[in-house]
$ cat model.csv   # CSV, C-alpha atoms and all ligand atoms
chain,number,residue,atom,x,y,z
A,60,GLY,CA,11.2,-30.2,18.7
A,61,ARG,CA,12.4,-27.5,16.3
A,62,GLU,CA,13.8,-24.2,17.5
A,63,TRP,CA,15.2,-21.1,15.8
A,64,HIS,CA,18.9,-20.1,16.3
A,65,LEU,CA,20.5,-16.8,15.4
A,66,LEU,CA,23.7,-17.6,13.4
A,67,SER,CA,25.0,-14.1,12.5
A,68,ARG,CA,24.0,-10.6,13.4
A,69,PRO,CA,22.0,-9.0,10.6
A,70,VAL,CA,23.2,-5.8,8.9
A,71,GLY,CA,20.2,-3.9,7.6
A,72,TRP,CA,17.3,-6.2,6.8
A,73,PRO,CA,17.7,-9.6,8.4
A,74,LYS,CA,18.4,-12.4,5.8
A,75,PRO,CA,17.4,-16.1,6.0
A,76,GLU,CA,21.1,-17.0,6.2
A,77,ASP,CA,21.3,-15.2,9.5
A,78,PHE,CA,19.1,-17.9,11.0
A,79,ALA,CA,18.6,-21.7,11.2
A,80,LEU,CA,15.7,-23.9,12.2
A,81,VAL,CA,17.4,-26.6,14.3
A,82,GLU,CA,16.1,-30.0,15.7
A,83,ALA,CA,16.6,-30.1,19.5
A,84,GLU,CA,16.0,-32.8,22.0
A,85,VAL,CA,13.0,-32.4,24.2
A,86,SER,CA,14.1,-32.9,27.8
A,87,ALA,CA,12.0,-33.8,30.9
A,88,PRO,CA,11.3,-31.0,33.3
A,89,GLY,CA,13.6,-30.8,36.3
A,90,GLU,CA,12.6,-30.0,39.9
A,91,GLY,CA,10.3,-26.9,39.9
A,92,GLN,CA,10.0,-26.9,36.1
A,93,VAL,CA,7.3,-27.7,33.5
A,94,LEU,CA,7.5,-28.9,29.9
A,95,VAL,CA,5.4,-26.7,27.6
A,96,ARG,CA,4.3,-27.5,24.1
A,97,ASN,CA,4.0,-24.0,22.6
A,98,LYS,CA,0.8,-23.2,20.7
A,99,TYR,CA,1.3,-19.6,19.8
A,100,LEU,CA,4.5,-17.6,19.4
A,101,SER,CA,4.8,-13.8,19.4
A,102,VAL,CA,7.0,-12.0,16.9
A,103,ASP,CA,7.7,-8.4,17.8
A,104,PRO,CA,9.6,-5.4,16.3
A,105,TYR,CA,11.8,-5.2,19.4
A,106,MET,CA,13.4,-8.5,18.5
A,107,ARG,CA,15.2,-6.8,15.7
A,108,GLY,CA,17.2,-4.9,18.4
A,109,ARG,CA,18.1,-8.2,20.1
A,110,MET,CA,19.6,-9.5,16.9
A,111,SER,CA,22.2,-6.7,17.1
A,112,ALA,CA,25.2,-6.8,19.4
A,113,ALA,CA,24.5,-3.4,20.9
A,114,LYS,CA,23.6,-3.5,24.6
A,115,SER,CA,20.0,-2.3,25.3
A,116,TYR,CA,17.3,-2.8,27.9
A,117,VAL,CA,17.3,-6.5,27.0
A,118,ALA,CA,20.4,-8.6,26.3
A,119,PRO,CA,21.2,-9.4,22.6
A,120,PHE,CA,20.3,-12.9,21.4
A,121,GLU,CA,23.3,-15.2,21.7
A,122,LEU,CA,24.8,-16.5,18.4
A,123,GLY,CA,24.2,-20.2,17.9
A,124,LYS,CA,21.6,-20.4,20.6
A,125,VAL,CA,17.8,-20.5,20.5
A,126,MET,CA,16.1,-17.1,20.4
A,127,GLN,CA,13.5,-16.0,22.9
A,128,GLY,CA,10.2,-14.4,22.8
A,129,GLY,CA,6.7,-14.4,24.2
A,130,ALA,CA,4.7,-17.7,23.8
A,131,VAL,CA,1.6,-19.4,25.1
A,132,GLY,CA,1.5,-23.2,25.3
A,133,GLU,CA,0.1,-26.2,27.1
A,134,VAL,CA,1.9,-28.0,29.9
A,135,VAL,CA,2.6,-31.5,28.8
A,136,ALA,CA,4.7,-32.6,31.8
A,137,SER,CA,5.0,-31.0,35.2
A,138,ASN,CA,7.5,-31.3,38.0
A,139,ALA,CA,6.3,-28.1,39.7
A,140,GLU,CA,3.7,-27.5,42.4
A,141,GLY,CA,0.7,-25.5,41.3
A,142,ILE,CA,1.0,-26.1,37.6
A,143,ALA,CA,-0.7,-29.3,36.2
A,144,VAL,CA,-0.5,-31.1,32.9
A,145,GLY,CA,-3.2,-29.5,30.7
A,146,ASP,CA,-2.8,-26.0,32.1
A,147,HIS,CA,-1.9,-23.2,29.7
A,148,VAL,CA,0.9,-20.8,30.5
A,149,LEU,CA,2.3,-17.6,29.1
A,150,HIS,CA,6.1,-17.5,29.2
A,151,PHE,CA,9.1,-16.0,27.5
A,152,PHE,CA,10.7,-19.0,25.7
A,153,GLY,CA,9.3,-18.7,22.2
A,154,TRP,CA,10.9,-19.4,18.8
A,155,ARG,CA,10.6,-23.1,19.6
A,156,GLU,CA,8.1,-25.9,19.7
A,157,TYR,CA,8.8,-27.2,23.2
A,158,ALA,CA,10.3,-25.3,26.2
A,159,VAL,CA,11.3,-26.4,29.7
A,160,VAL,CA,10.2,-23.5,31.9
A,161,ALA,CA,10.7,-22.8,35.6
A,162,ALA,CA,7.4,-22.4,37.4
A,163,GLU,CA,8.3,-18.9,38.5
A,164,ASN,CA,8.7,-17.9,34.8
A,165,ALA,CA,5.4,-19.2,33.7
A,166,VAL,CA,2.1,-17.4,34.2
A,167,LYS,CA,-1.1,-19.4,34.1
A,168,VAL,CA,-3.7,-18.2,31.6
A,169,ASP,CA,-7.3,-19.1,31.2
A,170,PRO,CA,-8.3,-20.4,27.7
A,171,GLU,CA,-12.0,-20.0,28.6
A,172,ALA,CA,-11.6,-16.3,29.4
A,173,ALA,CA,-10.0,-15.3,26.1
A,174,PRO,CA,-8.5,-16.9,23.0
A,175,LEU,CA,-5.0,-18.0,23.9
A,176,SER,CA,-3.4,-15.8,21.3
A,177,ALA,CA,-5.0,-12.7,23.0
A,178,TYR,CA,-2.5,-13.1,25.9
A,179,LEU,CA,0.2,-12.2,23.5
A,180,GLY,CA,-1.6,-9.3,22.0
A,181,VAL,CA,-4.8,-7.4,22.9
A,182,LEU,CA,-4.7,-8.6,26.6
A,183,GLY,CA,-0.9,-9.1,26.8
A,184,MET,CA,2.3,-7.2,26.2
A,185,THR,CA,1.2,-5.0,23.3
A,186,GLY,CA,-2.1,-4.2,24.9
A,187,LEU,CA,-0.4,-3.1,28.1
A,188,THR,CA,2.1,-1.0,26.0
A,189,ALA,CA,-0.8,0.9,24.5
A,190,TYR,CA,-2.6,1.3,27.9
A,191,ALA,CA,0.5,2.4,29.9
A,192,GLY,CA,2.0,4.6,27.2
A,193,LEU,CA,-1.3,6.5,26.5
A,194,LEU,CA,-2.6,6.9,30.0
A,195,ARG,CA,0.6,7.1,32.0
A,196,THR,CA,3.4,8.4,29.8
A,197,ALA,CA,1.3,10.6,27.6
A,198,ALA,CA,-1.0,11.5,30.5
A,199,PHE,CA,-4.0,11.3,28.3
A,200,LYS,CA,-7.1,13.2,29.5
A,201,GLU,CA,-10.6,13.5,28.2
A,202,GLY,CA,-11.0,16.0,25.4
A,203,ASP,CA,-7.4,15.5,24.1
A,204,SER,CA,-6.8,15.2,20.4
A,205,VAL,CA,-4.6,12.1,19.8
A,206,PHE,CA,-2.4,11.1,16.9
A,207,VAL,CA,-1.0,7.6,16.7
A,208,SER,CA,1.3,6.1,14.1
A,209,GLY,CA,1.5,2.4,13.2
A,210,ALA,CA,-2.2,2.7,13.9
A,211,ALA,CA,-3.3,-0.6,12.3
A,212,GLY,CA,-0.7,-2.6,14.2
A,213,ALA,CA,-1.0,-4.3,17.6
A,214,VAL,CA,-0.1,-1.4,19.8
A,215,GLY,CA,-1.4,1.4,17.6
A,216,SER,CA,-4.9,0.0,17.0
A,217,GLN,CA,-5.4,-0.3,20.7
A,218,VAL,CA,-4.1,3.2,21.5
A,219,GLY,CA,-6.6,4.8,19.2
A,220,GLN,CA,-9.5,2.8,20.4
A,221,ILE,CA,-8.7,3.3,24.1
A,222,ALA,CA,-8.4,7.0,23.5
A,223,LYS,CA,-11.8,7.0,21.8
A,224,LEU,CA,-13.4,5.0,24.6
A,225,LYS,CA,-12.0,7.4,27.2
A,226,GLY,CA,-13.3,10.5,25.6
A,227,ALA,CA,-10.7,11.8,23.1
A,228,SER,CA,-12.0,14.8,21.2
A,229,ARG,CA,-10.4,13.5,18.0
A,230,VAL,CA,-8.3,10.4,17.1
A,231,ILE,CA,-6.1,10.4,14.0
A,232,GLY,CA,-4.1,7.4,12.8
A,233,SER,CA,-1.5,6.7,10.1
A,234,ALA,CA,-0.8,3.4,8.4
A,235,GLY,CA,0.9,2.0,5.3
A,236,SER,CA,-2.0,1.0,3.1
A,237,ASP,CA,-5.3,2.3,2.0
A,238,GLU,CA,-7.0,-0.8,3.2
A,239,LYS,CA,-5.5,-0.3,6.7
A,240,VAL,CA,-6.7,3.3,6.7
A,241,LYS,CA,-10.2,2.2,5.8
A,242,LEU,CA,-10.2,-0.3,8.7
A,243,LEU,CA,-9.2,2.5,11.1
A,244,VAL,CA,-12.0,4.8,10.2
A,245,GLU,CA,-14.8,2.3,9.4
A,246,GLU,CA,-14.2,-0.4,12.0
A,247,TYR,CA,-12.1,1.1,14.8
A,248,GLY,CA,-13.9,4.4,14.9
A,249,PHE,CA,-10.9,6.7,14.3
A,250,ASP,CA,-12.1,10.2,13.3
A,251,ALA,CA,-9.5,10.5,10.5
A,252,ALA,CA,-6.6,8.4,9.1
A,253,PHE,CA,-4.1,8.6,6.3
A,254,ASN,CA,-1.7,6.4,4.4
A,255,TYR,CA,1.8,7.8,5.0
A,256,LYS,CA,2.9,6.4,1.7
A,257,ASN,CA,0.5,8.7,-0.2
A,258,GLY,CA,2.2,12.0,0.6
A,259,PRO,CA,4.2,14.0,3.1
A,260,VAL,CA,3.2,13.1,6.7
A,261,GLY,CA,3.3,16.7,7.8
A,262,GLU,CA,0.8,17.8,5.2
A,263,GLN,CA,-1.5,14.9,5.7
A,264,LEU,CA,-1.5,15.3,9.5
A,265,ARG,CA,-2.3,19.1,9.2
A,266,ALA,CA,-5.2,18.2,7.0
A,267,ALA,CA,-6.5,15.5,9.3
A,268,ALA,CA,-6.0,17.5,12.5
A,269,PRO,CA,-6.6,21.2,11.5
A,270,ASP,CA,-6.8,22.2,15.2
A,271,GLY,CA,-3.6,20.4,16.1
A,272,ILE,CA,-2.9,17.5,18.5
A,273,ASP,CA,-2.5,17.2,22.2
A,274,VAL,CA,-0.9,13.7,22.3
A,275,TYR,CA,1.3,11.9,19.8
A,276,PHE,CA,1.9,8.2,20.5
A,277,ASP,CA,5.0,7.4,18.4
A,278,ASN,CA,5.5,3.9,17.0
A,279,VAL,CA,7.5,5.0,13.9
A,280,GLY,CA,9.9,7.9,14.5
A,281,GLY,CA,11.5,9.8,11.6
A,282,ASP,CA,9.2,12.1,9.6
A,283,HIS,CA,6.2,11.0,11.7
A,284,LEU,CA,7.8,12.4,14.8
A,285,GLU,CA,8.8,15.6,13.0
A,286,ALA,CA,5.2,16.1,11.7
A,287,ALA,CA,3.7,15.5,15.1
A,288,ILE,CA,6.0,18.1,16.8
A,289,GLY,CA,4.8,20.4,14.0
A,290,SER,CA,1.2,19.9,14.9
A,291,LEU,CA,1.6,19.8,18.7
A,292,ASN,CA,-0.7,22.1,20.7
A,293,ARG,CA,0.3,24.0,23.8
A,294,GLY,CA,1.0,21.5,26.7
A,295,GLY,CA,1.2,18.6,24.2
A,296,ARG,CA,2.8,15.3,25.1
A,297,ILE,CA,4.6,12.8,23.0
A,298,ALA,CA,5.1,9.3,24.2
A,299,VAL,CA,7.9,7.6,22.4
A,300,CYS,CA,7.0,3.9,22.2
A,301,GLY,CA,9.0,2.7,19.2
A,302,MET,CA,10.7,4.0,16.0
A,303,ILE,CA,10.2,1.1,13.6
A,304,SER,CA,11.1,3.3,10.6
A,305,VAL,CA,14.7,3.2,11.6
A,306,TYR,CA,15.2,-0.4,13.0
A,307,ASN,CA,16.9,-1.7,9.8
A,308,ASN,CA,18.8,1.5,9.0
A,309,THR,CA,22.6,1.2,8.6
A,310,GLU,CA,23.1,5.0,8.8
A,311,PRO,CA,21.7,7.2,11.5
A,312,ALA,CA,18.3,8.7,10.5
A,313,PRO,CA,18.1,12.5,10.1
A,314,GLY,CA,16.5,13.9,13.3
A,315,PRO,CA,13.5,16.1,13.6
A,316,LYS,CA,14.2,19.6,12.6
A,317,ASN,CA,11.5,21.3,14.7
A,318,LEU,CA,12.4,20.3,18.2
A,319,ALA,CA,12.5,24.0,19.2
A,320,ARG,CA,8.7,24.0,18.8
A,321,LEU,CA,8.7,22.2,22.2
A,322,ILE,CA,9.7,25.4,23.8
A,323,GLN,CA,6.8,27.4,22.3
A,324,THR,CA,4.3,24.7,23.1
A,325,ARG,CA,5.8,23.7,26.5
A,326,GLY,CA,5.6,20.3,24.9
A,327,ARG,CA,6.9,17.2,26.6
A,328,ILE,CA,8.5,14.2,24.8
A,329,GLU,CA,9.2,11.1,26.9
A,330,GLY,CA,10.2,7.5,26.1
A,331,PHE,CA,8.8,4.5,28.0
A,332,LEU,CA,9.2,0.8,28.3
A,333,VAL,CA,6.3,-1.5,28.9
A,334,GLY,CA,8.5,-3.5,31.3
A,335,ASP,CA,8.4,-0.6,33.8
A,336,HIS,CA,4.6,-0.6,33.9
A,337,TYR,CA,3.5,-4.1,34.8
A,338,ASP,CA,2.0,-2.8,38.0
A,339,LEU,CA,-0.8,-1.5,35.7
A,340,GLN,CA,-1.5,-5.1,34.3
A,341,PRO,CA,-4.4,-5.9,36.7
A,342,GLN,CA,-6.0,-2.5,36.1
A,343,PHE,CA,-5.5,-2.9,32.3
A,344,VAL,CA,-7.1,-6.3,32.2
A,345,GLN,CA,-10.0,-5.1,34.4
A,346,GLU,CA,-10.7,-2.1,32.2
A,347,VAL,CA,-9.9,-3.3,28.7
A,348,GLY,CA,-11.0,-7.0,29.1
A,349,PRO,CA,-14.7,-6.1,29.2
A,350,TRP,CA,-14.3,-3.8,26.2
A,351,VAL,CA,-12.8,-6.7,24.3
A,352,ARG,CA,-15.5,-9.1,25.4
A,353,SER,CA,-18.3,-6.7,24.5
A,354,GLY,CA,-16.7,-5.9,21.1
A,355,GLU,CA,-16.4,-2.2,22.0
A,356,LEU,CA,-12.7,-2.6,21.4
A,357,LYS,CA,-12.0,-4.5,18.2
A,358,TYR,CA,-8.8,-6.2,17.4
A,359,ARG,CA,-7.4,-8.3,14.5
A,360,GLU,CA,-4.6,-10.8,14.4
A,361,THR,CA,-2.5,-11.8,11.5
A,362,VAL,CA,-1.9,-15.5,12.0
A,363,VAL,CA,1.0,-17.4,10.3
A,364,GLU,CA,1.0,-21.2,10.7
A,365,GLY,CA,4.0,-23.4,11.4
A,366,VAL,CA,7.2,-23.0,13.4
A,367,GLU,CA,9.1,-23.1,10.1
A,368,ASN,CA,7.4,-19.8,9.1
A,369,THR,CA,8.4,-17.8,12.3
A,370,LEU,CA,11.2,-15.9,10.6
A,371,GLU,CA,8.9,-14.9,7.7
A,372,ALA,CA,6.3,-13.8,10.2
A,373,PHE,CA,8.8,-11.6,12.0
A,374,LEU,CA,10.0,-10.1,8.7
A,375,GLY,CA,6.4,-9.6,7.8
A,376,VAL,CA,6.0,-7.3,10.9
A,377,LEU,CA,8.9,-5.1,9.7
A,378,ARG,CA,7.4,-5.0,6.2
A,379,GLY,CA,3.9,-4.2,7.4
A,380,ASP,CA,2.3,-7.5,6.2
A,381,ASN,CA,0.3,-7.6,9.5
A,382,THR,CA,-2.9,-5.9,10.6
A,383,GLY,CA,-3.1,-6.1,14.3
A,384,LYS,CA,-0.9,-8.5,16.3
A,385,MET,CA,1.3,-10.9,14.3
A,386,ILE,CA,1.0,-14.4,15.8
A,387,VAL,CA,2.6,-17.7,14.8
A,388,LYS,CA,0.3,-20.7,15.4
A,389,LEU,CA,2.0,-24.0,15.9
A,401,LIG,P1,2.9,-3.6,14.8
A,401,LIG,O1,1.8,-4.7,14.9
A,401,LIG,O2,2.5,-2.2,14.8
A,401,LIG,O3,3.7,-4.0,13.5
A,401,LIG,C1,4.7,-3.1,13.0
A,401,LIG,C2,4.1,-2.2,12.0
A,401,LIG,O4,5.0,-1.1,11.7
A,401,LIG,C3,3.9,-2.8,10.6
A,401,LIG,O5,2.7,-3.5,10.5
A,401,LIG,C4,4.0,-1.7,9.6
A,401,LIG,O6,2.6,-1.2,9.3
A,401,LIG,C5,4.7,-0.6,10.4
A,401,LIG,N1,5.9,-0.1,9.8
A,401,LIG,C6,6.9,-0.9,9.4
A,401,LIG,N2,7.9,-0.1,8.8
A,401,LIG,C7,7.4,1.2,8.9
A,401,LIG,C8,7.9,2.5,8.5
A,401,LIG,N3,9.1,2.6,7.8
A,401,LIG,N4,7.2,3.6,8.7
A,401,LIG,C9,6.0,3.5,9.3
A,401,LIG,N5,5.5,2.3,9.7
A,401,LIG,C10,6.2,1.2,9.5
A,401,LIG,O7,4.0,-3.8,15.9
A,401,LIG,P2,3.7,-3.6,17.5
A,401,LIG,O8,2.4,-3.1,17.7
A,401,LIG,O9,4.2,-4.8,18.2
A,401,LIG,O10,4.8,-2.5,17.8
A,401,LIG,C11,4.6,-1.1,17.4
A,401,LIG,C12,5.7,-0.2,17.9
A,401,LIG,O11,5.8,-0.3,19.3
A,401,LIG,C13,7.1,-0.7,17.4
A,401,LIG,O12,7.9,0.5,17.2
A,401,LIG,C14,7.7,-1.4,18.6
A,401,LIG,O13,9.1,-1.4,18.6
A,401,LIG,C15,7.1,-0.6,19.8
A,401,LIG,N6,6.9,-1.3,21.1
A,401,LIG,C16,7.5,-0.7,22.2
A,401,LIG,C17,7.3,-1.2,23.4
A,401,LIG,C18,7.9,-0.5,24.6
A,401,LIG,O14,7.9,-1.0,25.7
A,401,LIG,N7,8.3,0.8,24.4
A,401,LIG,C19,6.6,-2.5,23.6
A,401,LIG,C20,6.0,-3.0,22.4
A,401,LIG,C21,6.2,-2.4,21.2
A,401,LIG,P3,2.3,-0.2,8.1
A,401,LIG,O15,1.7,-1.1,7.0
A,401,LIG,O16,1.4,0.7,8.6
A,401,LIG,O17,3.6,0.4,7.6

$ encode --input "model.csv" --output "structure tokens" --more "lines below"
Ligand code: NDP
Amino acid sequence: GREWHLLSRPVGWPKPEDFALVEAEVSAPGEGQVLVRNKYLSVDPYMRGRMSAAKSYVAPFELGKVMQGGAVGEVVASNAEGIAVGDHVLHFFGWREYAVVAAENAVKVDPEAAPLSAYLGVLGMTGLTAYAGLLRTAAFKEGDSVFVSGAAGAVGSQVGQIAKLKGASRVIGSAGSDEKVKLLVEEYGFDAAFNYKNGPVGEQLRAAAPDGIDVYFDNVGGDHLEAAIGSLNRGGRIAVCGMISVYNNTEPAPGPKNLARLIQTRGRIEGFLVGDHYDLQPQFVQEVGPWVRSGELKYRETVVEGVENTLEAFLGVLRGDNTGKMIVKL
């Protein structure tokens, strides 16, 4: 089976020469392990961080070794109790066609209950990120006015819709194309949306939220964060989920200039990691699963086919080629 290796640590935008698609032997599962043929791979913005040497909340990818990431596949050989050939599992050994996985690192998923790719997106890691970040970190409550950036992406599109379904007074989103903006308003029910490439974010946000915002869910950082602080109402909360606008920067980005406004507004800004909130997973699936099945919560996926196109799919996420969760189908 083929697998992706990281050869050198990218500086700025990752280049094809930093990676190699390598043929690897498929081994039989040892005691307590299963052999999985991956069907869907997840490519996510946080993987850019793992390509750098800097220590973070997850270890850097090792040079010359296979990269890792979320994946869903079918068990083709099993040497583990409780997991049978033909079962489908979610695991963390992506960026490859076949993976040997210890049973304790595999979670069985039901292909009848939801499309398999949904376990990587709307009902998986990015969905839980939206749910936990909005409800727990940002302490969303009915009547709040909510602004979310990266709003046509996997996390952002779900943040806006969950806020709407839970009684937000106004939901505003920003995204990087007029087509994405149209989708937010016409399909996902956002009250207002703007294309951040069409003009200064601060001005566009003030026009879209004339009465200010109570919650900002930050996927982007930079001028979006600055604009959000500028529009924050008294008691406002900012959940810092990601800052994709700076992931490929080689120089530190200029910081927000209006942090002092947090004093006036008694505003609160707090970072969070989805990994700390898996206790919410059952509640998340119980509440959001029915919305997905009924179509009240809509989602899109951008599907790229072929393991050989995994790197391009990943770069596409950084460029904004995706609407909703970016998925690689093998
Ligand atoms: P998305 O599906 O949102 O894809 C990333 C999107 O970012 C692109 O589609 C692009 O859309 C947008 N983007 C790229 N560059 C810029 C830029 N310079 N300025 C503004 N937008 C940009 O990815 P995810 O939903 O998976 O992740 C969203 C964010 O959440 C990321 O920051 C990620 O790191 C973070 N995250 C954090 C987690 C946590 O535990 N804290 C867990 C999961 C994700 P556009 O066309 O609109 O520019």

$ residues_near_point --input "model.csv" --point "(9.3, -26.6, 27.5)" --cutoff "7 Å" --atoms "all atoms listed in the file" --output "PDB file with C-alpha atoms, in the frame of the given file"
ATOM      1  CA  VAL A  93       7.300 -27.700  33.500  1.00  0.00           C
ATOM      2  CA  LEU A  94       7.500 -28.900  29.900  1.00  0.00           C
ATOM      3  CA  VAL A  95       5.400 -26.700  27.600  1.00  0.00           C
ATOM      4  CA  ARG A  96       4.300 -27.500  24.100  1.00  0.00           C
ATOM      5  CA  TYR A 157       8.800 -27.200  23.200  1.00  0.00           C
ATOM      6  CA  ALA A 158      10.300 -25.300  26.200  1.00  0.00           C
ATOM      7  CA  VAL A 159      11.300 -26.400  29.700  1.00  0.00           C
ATOM      8  CA  VAL A 160      10.200 -23.500  31.900  1.00  0.00           C
TER       9      VAL A 160
END

$ atom_distance --input "model.csv" --atom1 "CA of Ala165 (chain A)" --atom2 "CA of Ser216 (chain A)"
27.5 Å

$ closest_residue --input "model.csv" --among "A:Val102, A:Leu264, A:Ile221, A:Val205" --to "ligand LIG 401 (chain A)" --atoms "all atoms listed in the file"
A:Val102

$ closest_residue --input "model.csv" --among "A:Ser208, A:Ser228, A:Gln220, A:Ser86" --to "Gly248 (chain A)" --atoms "all atoms listed in the file"
A:Gln220

$ closest_residue --input "model.csv" --among "A:Phe78, A:Tyr306, A:Trp154, A:Phe373" --to "Gly60 (chain A)" --atoms "all atoms listed in the file"
A:Trp154

$ residues_around --input "model.csv" --residues "region 294-300 of chain A" --least-positions-apart "4" --cutoff "10 Å" --atoms "all atoms listed in the file" --output "number ranges by chain"
A: 188-189, 192-199, 203-207, 214-215, 271-280, 284, 287-288, 290, 321-333

$ closest_residue --input "model.csv" --among "A:His336, A:Met126, A:Arg155, A:Ser236" --to "Glu84 (chain A)" --atoms "only C-alpha atoms"
A:Arg155

$ closest_residue --input "model.csv" --among "A:Ala252, A:Ala173, A:Val347, A:Leu179" --to "Ser101 (chain A)" --atoms "only C-alpha atoms"
A:Leu179

$ residues_near_ligand --input "model.csv" --ligand "ligand LIG 401 (chain A)" --cutoff "7 Å" --atoms "only C-alpha atoms and all ligand atoms" --output "short mmCIF file (atom, residue, chain, number, x, y, z; two decimals) with C-alpha atoms, keeping the file's coordinate frame"
data_model
loop_
_atom_site.label_atom_id
_atom_site.label_comp_id
_atom_site.auth_asym_id
_atom_site.auth_seq_id
_atom_site.Cartn_x
_atom_site.Cartn_y
_atom_site.Cartn_z
CA ASP A 103 7.70 -8.40 17.80
CA PRO A 104 9.60 -5.40 16.30
CA TYR A 105 11.80 -5.20 19.40
CA MET A 184 2.30 -7.20 26.20
CA THR A 185 1.20 -5.00 23.30
CA THR A 188 2.10 -1.00 26.00
CA GLY A 209 1.50 2.40 13.20
CA ALA A 210 -2.20 2.70 13.90
CA ALA A 211 -3.30 -0.60 12.30
CA GLY A 212 -0.70 -2.60 14.20
CA ALA A 213 -1.00 -4.30 17.60
CA VAL A 214 -0.10 -1.40 19.80
CA GLY A 215 -1.40 1.40 17.60
CA SER A 233 -1.50 6.70 10.10
CA ALA A 234 -0.80 3.40 8.40
CA GLY A 235 0.90 2.00 5.30
CA SER A 236 -2.00 1.00 3.10
CA ASN A 278 5.50 3.90 17.00
CA VAL A 279 7.50 5.00 13.90
CA CYS A 300 7.00 3.90 22.20
CA GLY A 301 9.00 2.70 19.20
CA MET A 302 10.70 4.00 16.00
CA ILE A 303 10.20 1.10 13.60
CA SER A 304 11.10 3.30 10.60
CA VAL A 305 14.70 3.20 11.60
CA PHE A 331 8.80 4.50 28.00
CA LEU A 332 9.20 0.80 28.30
CA VAL A 333 6.30 -1.50 28.90
CA GLY A 334 8.50 -3.50 31.30
CA VAL A 376 6.00 -7.30 10.90
CA LEU A 377 8.90 -5.10 9.70
CA ARG A 378 7.40 -5.00 6.20
CA GLY A 379 3.90 -4.20 7.40
CA ASP A 380 2.30 -7.50 6.20
CA ASN A 381 0.30 -7.60 9.50
CA THR A 382 -2.90 -5.90 10.60
CA GLY A 383 -3.10 -6.10 14.30
CA LYS A 384 -0.90 -8.50 16.30
CA MET A 385 1.30 -10.90 14.30
#

$ residues_around --input "model.csv" --residues "His150 (chain A)" --least-positions-apart "3" --cutoff "10 Å" --atoms "only C-alpha atoms" --output "MDAnalysis selection string"
chainID A and resid 95 97 100 127:132 147 153 158 160:167 179

$ atom_distance --input "model.csv" --atom1 "CA of Val85 (chain A)" --atom2 "CA of Leu370 (chain A)"
21.5 Å

$ atom_distance --input "model.csv" --atom1 "CA of Glu310 (chain A)" --atom2 "CA of Ala113 (chain A)"
14.8 Å

$ closest_residue --input "model.csv" --among "A:Leu374, A:Ala312, A:Val135, A:Ala268" --to "Arg229 (chain A)" --atoms "only C-alpha atoms"
A:Ala268

$ residues_around --input "model.csv" --residues "Ala112 (chain A)" --least-positions-apart "4" --cutoff "12 Å" --atoms "only C-alpha atoms" --output "PDB file with C-alpha atoms, keeping the file's coordinate frame"
ATOM      1  CA  LEU A  65      20.500 -16.800  15.400  1.00  0.00           C
ATOM      2  CA  SER A  67      25.000 -14.100  12.500  1.00  0.00           C
ATOM      3  CA  ARG A  68      24.000 -10.600  13.400  1.00  0.00           C
ATOM      4  CA  PRO A  69      22.000  -9.000  10.600  1.00  0.00           C
ATOM      5  CA  VAL A  70      23.200  -5.800   8.900  1.00  0.00           C
ATOM      6  CA  MET A 106      13.400  -8.500  18.500  1.00  0.00           C
ATOM      7  CA  ARG A 107      15.200  -6.800  15.700  1.00  0.00           C
ATOM      8  CA  GLY A 108      17.200  -4.900  18.400  1.00  0.00           C
ATOM      9  CA  VAL A 117      17.300  -6.500  27.000  1.00  0.00           C
ATOM     10  CA  ALA A 118      20.400  -8.600  26.300  1.00  0.00           C
ATOM     11  CA  PRO A 119      21.200  -9.400  22.600  1.00  0.00           C
ATOM     12  CA  PHE A 120      20.300 -12.900  21.400  1.00  0.00           C
ATOM     13  CA  GLU A 121      23.300 -15.200  21.700  1.00  0.00           C
ATOM     14  CA  LEU A 122      24.800 -16.500  18.400  1.00  0.00           C
TER      15      LEU A 122
END

$ residues_around --input "model.csv" --residues "Asp282 (chain A)" --least-positions-apart "5" --cutoff "8 Å" --atoms "all atoms listed in the file" --output "list of chain:residue names"
A:Val260, A:Gly261, A:Pro315

$ residues_around --input "model.csv" --residues "Leu339 (chain A)" --least-positions-apart "3" --cutoff "9 Å" --atoms "all atoms listed in the file" --output "PyMOL selection string"
chain A and resi 187+190-191+336+342-344

$ axis_aligned_box --input "model.csv" --around "region 159-170 of chain A" --padding-each-side "6 Å" --output "JSON"
{"center_x": 1.5, "center_y": -21.9, "center_z": 33.1, "size_x": 31.6, "size_y": 21.0, "size_z": 22.8}

$ build_atoms --input "model.csv" --residues "region 87-92 of chain A" --atoms "N, CA and C atoms" --output "JSON list (two decimals), keeping the file's coordinate frame"
[["chain", "number", "residue", "atom", "x", "y", "z"],
["A", 87, "ALA", "N", 13.04, -33.78, 29.82],
["A", 87, "ALA", "CA", 12.00, -33.80, 30.90],
["A", 87, "ALA", "C", 12.23, -32.65, 31.82],
["A", 88, "PRO", "N", 11.15, -32.12, 32.42],
["A", 88, "PRO", "CA", 11.30, -31.00, 33.30],
["A", 88, "PRO", "C", 12.03, -31.39, 34.61],
["A", 89, "GLY", "N", 12.97, -30.56, 35.07],
["A", 89, "GLY", "CA", 13.60, -30.80, 36.30],
["A", 89, "GLY", "C", 12.76, -30.32, 37.49],
["A", 90, "GLU", "N", 13.31, -30.38, 38.68],
["A", 90, "GLU", "CA", 12.60, -30.00, 39.90],
["A", 90, "GLU", "C", 12.10, -28.51, 39.73],
["A", 91, "GLY", "N", 10.80, -28.30, 39.96],
["A", 91, "GLY", "CA", 10.30, -26.90, 39.90],
["A", 91, "GLY", "C", 10.02, -26.44, 38.46],
["A", 92, "GLN", "N", 10.11, -27.35, 37.49],
["A", 92, "GLN", "CA", 10.00, -26.90, 36.10],
["A", 92, "GLN", "C", 8.78, -27.65, 35.42]]
